[in-house]
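Below is the file final_14.cif, which contains mmCIF, C-alpha atoms.
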```cif
data_work
loop_
_atom_site.label_atom_id
_atom_site.label_comp_id
_atom_site.auth_asym_id
_atom_site.auth_seq_id
_atom_site.Cartn_x
_atom_site.Cartn_y
_atom_site.Cartn_z
CA MET A 1 0.00 0.00 0.00
CA GLU A 2 1.19 3.51 -0.63
CA HIS A 3 2.55 5.30 2.43
CA SER A 4 4.52 8.38 3.43
CA ARG A 5 6.85 6.98 6.11
CA ILE A 6 10.46 8.08 6.01
CA LEU A 7 12.89 6.33 8.35
CA THR A 8 16.37 7.81 8.75
CA ARG A 9 19.51 7.15 10.73
CA GLY A 10 22.96 8.46 9.89
CA PRO A 11 23.72 7.98 6.19
CA VAL A 12 20.79 5.58 5.62
CA ARG A 13 17.32 6.70 4.64
CA LEU A 14 14.28 4.53 3.93
CA ARG A 15 11.67 6.39 1.92
CA PRO A 16 8.56 5.23 0.07
CA LEU A 17 9.47 3.13 -2.96
CA SER A 18 8.27 4.59 -6.27
CA VAL A 19 7.84 3.18 -9.76
CA GLU A 20 10.10 6.06 -10.84
CA ASP A 21 12.93 4.21 -9.03
CA ALA A 22 12.78 1.43 -11.64
CA PRO A 23 15.63 2.54 -13.96
CA ALA A 24 18.01 3.32 -11.08
CA PHE A 25 17.08 0.13 -9.24
CA ARG A 26 17.44 -2.01 -12.36
CA ALA A 27 20.94 -0.56 -12.87
CA LEU A 28 21.91 -1.80 -9.39
CA VAL A 29 20.97 -5.45 -9.82
CA ASP A 30 22.00 -8.42 -11.91
CA GLU A 31 21.19 -12.13 -11.90
CA GLU A 32 23.60 -12.88 -9.05
CA ILE A 33 22.25 -10.10 -6.83
CA TRP A 34 18.67 -11.10 -7.72
CA HIS A 35 19.33 -14.75 -6.78
CA GLY A 36 16.92 -15.84 -4.06
CA MET A 37 14.03 -13.65 -5.20
CA SER A 38 10.72 -15.35 -6.01
CA SER A 39 10.36 -13.98 -9.55
CA PRO A 40 12.75 -13.62 -12.49
CA LEU A 41 14.82 -10.45 -12.81
CA PRO A 42 12.76 -7.92 -14.80
CA ALA A 43 14.36 -7.50 -18.23
CA SER A 44 13.47 -3.84 -18.87
CA ASP A 45 12.83 -0.62 -16.99
CA GLU A 46 9.14 -1.02 -17.78
CA ALA A 47 9.08 -4.55 -16.36
CA MET A 48 10.98 -3.37 -13.27
CA ALA A 49 8.45 -0.55 -12.82
CA GLU A 50 5.64 -3.12 -12.96
CA HIS A 51 7.49 -5.30 -10.43
CA LEU A 52 7.94 -2.32 -8.07
CA ARG A 53 4.27 -1.36 -8.56
CA GLY A 54 3.34 -4.83 -7.26
CA LEU A 55 5.37 -4.26 -4.09
CA ILE A 56 3.97 -0.76 -3.60
CA ASP A 57 0.33 -1.83 -4.11
CA ARG A 58 0.51 -4.98 -1.98
CA PRO A 59 -2.11 -4.78 0.77
CA GLY A 60 -0.67 -4.87 4.27
CA GLY A 61 2.76 -3.80 3.08
CA LEU A 62 5.11 -0.82 3.25
CA ALA A 63 7.69 -0.76 0.44
CA PHE A 64 10.84 1.32 0.91
CA ALA A 65 13.68 2.51 -1.28
CA VAL A 66 16.98 2.32 0.64
CA GLU A 67 19.35 5.24 0.17
CA ARG A 68 22.87 5.71 1.46
CA GLU A 69 24.14 9.29 1.51
CA GLY A 70 21.34 10.25 -0.87
CA ARG A 71 21.99 7.48 -3.45
CA LEU A 72 19.63 4.58 -4.09
CA VAL A 73 21.32 1.34 -2.95
CA GLY A 74 18.39 -1.05 -2.58
CA ARG A 75 14.86 -1.77 -1.52
CA THR A 76 13.09 -3.53 1.34
CA THR A 77 9.55 -4.03 2.60
CA LEU A 78 7.43 -4.66 5.64
CA TYR A 79 4.68 -6.98 4.40
CA ASP A 80 1.86 -9.29 5.50
CA LEU A 81 1.13 -6.87 8.33
CA GLU A 82 -1.40 -8.09 10.87
CA PRO A 83 -1.70 -5.01 13.13
CA GLY A 84 -0.87 -5.76 16.74
CA LEU A 85 0.23 -9.29 15.82
CA ARG A 86 2.97 -9.72 13.22
CA VAL A 87 4.76 -8.46 10.13
CA GLU A 88 7.51 -9.76 7.86
CA ILE A 89 10.61 -7.96 6.61
CA GLY A 90 11.55 -9.01 3.11
CA ASN A 91 12.01 -8.29 -0.57
CA THR A 92 15.36 -6.88 0.53
CA ILE A 93 17.99 -6.47 -2.11
CA TYR A 94 21.06 -4.26 -2.10
CA ALA A 95 23.64 -3.15 -4.63
CA ARG A 96 27.04 -4.79 -4.13
CA GLU A 97 28.47 -1.48 -2.90
CA ALA A 98 26.18 -1.76 0.15
CA TRP A 99 27.13 -5.34 1.06
CA GLY A 100 29.04 -5.57 4.33
CA THR A 101 28.46 -1.89 5.18
CA GLU A 102 26.26 -0.26 7.80
CA VAL A 103 23.32 -0.23 5.35
CA ASN A 104 21.67 -3.54 6.31
CA PRO A 105 22.03 -3.24 10.11
CA ILE A 106 20.72 0.34 10.04
CA ALA A 107 17.85 -0.53 7.69
CA LYS A 108 16.85 -3.48 9.85
CA LEU A 109 17.12 -1.39 13.04
CA LEU A 110 14.78 1.17 11.44
CA LEU A 111 12.34 -1.51 10.25
CA PHE A 112 12.31 -3.40 13.57
CA THR A 113 11.75 -0.10 15.42
CA CYS A 114 8.87 0.78 13.09
CA ALA A 115 7.35 -2.69 13.50
CA PHE A 116 7.63 -3.05 17.26
CA GLU A 117 7.36 0.55 18.42
CA ASP A 118 5.13 2.22 15.80
CA LEU A 119 3.01 -0.65 14.48
CA GLY A 120 2.92 -2.50 17.82
CA VAL A 121 3.45 -6.01 16.48
CA GLY A 122 4.55 -8.89 18.69
CA ARG A 123 6.53 -10.76 16.03
CA VAL A 124 8.74 -9.78 13.12
CA ALA A 125 9.68 -12.58 10.72
CA LEU A 126 12.38 -12.73 8.06
CA ARG A 127 13.08 -15.41 5.50
CA CYS A 128 15.50 -16.24 2.74
CA ASP A 129 16.01 -18.87 0.08
CA HIS A 130 17.64 -21.87 1.78
CA ARG A 131 20.41 -21.81 -0.86
CA ASN A 132 21.32 -18.19 -0.07
CA ALA A 133 23.98 -18.68 2.61
CA ARG A 134 24.98 -14.98 2.55
CA SER A 135 21.43 -13.85 3.41
CA HIS A 136 21.08 -16.61 6.03
CA ARG A 137 24.24 -15.37 7.80
CA ALA A 138 23.16 -11.73 7.55
CA ILE A 139 19.74 -12.44 9.11
CA ALA A 140 21.27 -14.54 11.90
CA ARG A 141 23.75 -11.73 12.61
CA LEU A 142 20.83 -9.38 13.20
CA GLY A 143 19.86 -11.47 16.22
CA ALA A 144 16.84 -13.15 14.66
CA ARG A 145 16.21 -16.70 15.83
CA PHE A 146 16.32 -19.42 13.17
CA GLU A 147 13.02 -21.31 13.28
CA GLY A 148 13.66 -23.88 10.57
CA THR A 149 13.40 -24.57 6.88
CA LEU A 150 10.05 -24.67 5.11
CA ARG A 151 10.42 -27.20 2.33
CA ALA A 152 9.11 -26.51 -1.19
CA PHE A 153 7.67 -23.22 0.09
CA ARG A 154 7.64 -20.79 -2.84
CA PRO A 155 8.63 -20.31 -6.46
CA ALA A 156 12.20 -19.20 -7.09
CA ALA A 157 13.50 -16.84 -9.78
CA ASP A 158 15.23 -19.76 -11.52
CA GLY A 159 11.92 -21.60 -12.03
CA THR A 160 12.41 -24.12 -9.22
CA VAL A 161 10.40 -24.39 -6.02
CA ALA A 162 12.59 -23.14 -3.18
CA ASP A 163 13.00 -24.23 0.39
CA VAL A 164 12.93 -21.18 2.66
CA ASP A 165 14.76 -20.55 5.94
CA TYR A 166 12.55 -18.76 8.48
CA PHE A 167 13.69 -16.47 11.32
CA SER A 168 11.88 -14.28 13.82
CA VAL A 169 12.27 -11.74 16.59
CA LEU A 170 9.56 -11.49 19.24
CA ALA A 171 8.63 -8.31 21.10
CA ASP A 172 10.25 -9.49 24.34
CA GLU A 173 13.48 -10.22 22.42
CA TRP A 174 13.48 -6.82 20.71
CA PRO A 175 15.32 -4.85 23.47
CA ALA A 176 18.30 -7.24 23.33
CA VAL A 177 18.27 -7.32 19.51
CA ARG A 178 18.09 -3.52 19.44
CA GLN A 179 21.05 -3.26 21.83
CA ASP A 180 23.11 -5.69 19.75
CA LEU A 181 22.38 -3.69 16.59
CA GLU A 182 23.26 -0.44 18.39
CA ASN A 183 26.54 -2.02 19.54
CA ARG A 184 27.31 -3.11 15.96
CA LEU A 185 26.75 0.42 14.74
CA ARG A 186 28.84 2.09 17.44
CA PRO A 187 32.26 3.17 16.15
CA ALA A 188 35.08 0.95 17.33
CA GLU A 189 37.08 2.35 20.23
CA PRO A 190 40.75 2.92 19.36
CA VAL A 191 43.10 0.41 20.95
CA PRO A 192 45.64 2.21 23.20
CA GLY A 193 49.13 2.19 21.74
CA ILE A 194 47.99 1.33 18.21
CA ALA A 195 47.91 4.13 15.67
#
```
Written as structure tokens, how would this file's structure read?
Amino acid sequence: MEHSRILTRGPVRLRPLSVEDAPAFRALVDEEIWHGMSSPLPASDEAMAEHLRGLIDRPGGLAFAVEREGRLVGRTTLYDLEPGLRVEIGNTIYAREAWGTEVNPIAKLLLFTCAFEDLGVGRVALRCDHRNARSHRAIARLGARFEGTLRAFRPAADGTVADVDYFSVLADEWPAVRQDLENRLRPAEPVPGIA
């Protein structure tokens, strides 16, 4: 659904995703980056715009463009929102330049905060294609608890039916997860005697 939420921290800004982001977003991704998505990589700007329109119009969802220092570096969504109960974070994809940076931990901190503190849910779930070890590690590093693998759960971009790894954070776990994310984002203290 269309929304006007803007979530910001440091160099990372989550703003409403727009179909006008299609050319810039398409320029960020390729087959390898797209791996693990549930549909094939859109082959044109028009097809990408249609794909983004589907995310934007999805009922019970908030689709965000992810910017770093004012430049588009990805997209992510809160979806399948059941107010007061649960929401999922997903459809997350970043340009290579954002991999291993502060972008994902900040974006997830902003999304978890929105989910637990603004939307009042009791559970935030995340999932990834079982074959996507990089995403699995990134989600686990956020502090989400691995719940298991759902076998033959959804279509994959390569035409197969994918197993999906499921994770979650519950409201009573959120303070510890938030603190861990804050600690990850805190600049490292200099070690005495080392320049």
*Using all atoms listed in the file, give me every residue within 6 Å of (8.0, -11.0, 16.6) in file coordinates, as a ChimeraX atom specification.*
/A:122-124,168-171
*Residue neighbourhood stretch 28-37 of chain A, 10 Å, all atoms listed in the file, exclusion window fewer than 5 positions, as a PyMOL selection string*: chain A and resi 22-23+42-43+72-74+90-97+128-132+135+154-158+162+164
_Distance criterion (only C-alpha atoms): nearest to A:Thr113 out of A:Arg134, A:Leu78, A:Glu69, A:Phe167_ =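 Closest to A:Thr113, using only C-alpha atoms: A:Leu78.
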*Hey, can you check how far atom CA of A:Gly70 sits from atom CA of A:Leu7?*
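Between atom CA of A:Gly70 and atom CA of A:Leu7 the gap is 13.1 Å.
Applied to the file shown here, the PyMOL selection byres ((chain A and resi 105) around 8) selects Glu102, Val103, Asn104, Ile106, Ala107, Lys108, Leu109, Leu142, Leu181, Arg184 and Leu185 of chain A.
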_To one decimal place in Å, what is the distance between atom CA of A:Ser38 and atom CA of A:Glu67?_
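Between atom CA of A:Ser38 and atom CA of A:Glu67 the gap works out to 23.2 Å.
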*Rank nothing, just name the residue among A:Gly159, A:Gly54, A:Gly60, A:Pro40 nearest to A:Ser18, using all atoms listed in the file.*
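Between A:Gly159, A:Gly54, A:Gly60, A:Pro40, the residue approaching A:Ser18 most closely is A:Gly54.
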*So how many Å separate atom CA of A:Ser4 and atom CA of A:Phe64, to one decimal?*
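Value for the atom CA of A:Ser4-atom CA of A:Phe64 distance: 9.8 Å.
Between A:Pro83 and the residues A:Glu117, A:Asp180, A:Asp21, A:Glu2, the shortest atom-to-atom distance, using all atoms listed in the file, involves A:Glu117.
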_Using only C-alpha atoms, which protein or nucleic acid residues come within 10 Å of A:Leu55? Drop anything in the same chain fewer than 2 positions from it, and give the result as a PyMOL selection string._
chain A and resi 1-2+17-19+49-53+57-59+61-64+76-79+91
Can you tell me, as a CSV table (one decimal) with C-alpha atoms, in the coordinates of the input, what residues are no more than 6 Å from A:Tyr166 when counting all atoms listed in the file, ignoring any on the same chain fewer than 3 positions away?
```csv
chain,number,residue,atom,x,y,z
A,127,ARG,CA,13.1,-15.4,5.5
A,147,GLU,CA,13.0,-21.3,13.3
A,148,GLY,CA,13.7,-23.9,10.6
```
*If you apply the PyMOL selection byres ((chain A and resi 119) around 10) to this file, what residues do you get, as a list in words?*
Leu81, Glu82, Pro83, Gly84, Leu85, Arg86, Val87, Phe112, Thr113, Cys114, Ala115, Phe116, Glu117, Asp118, Gly120, Val121 and Gly122 of chain A
*Could you tell me which of A:Ser44, A:Ser39, A:Thr160, A:Thr8 comes closest to A:Arg68 if we count only C-alpha atoms?*
A:Thr8
*Hey, which of A:Val177, A:Arg71, A:Arg137, A:Val12 ends up closest to A:Phe25? Count only C-alpha atoms.*
A:Arg71
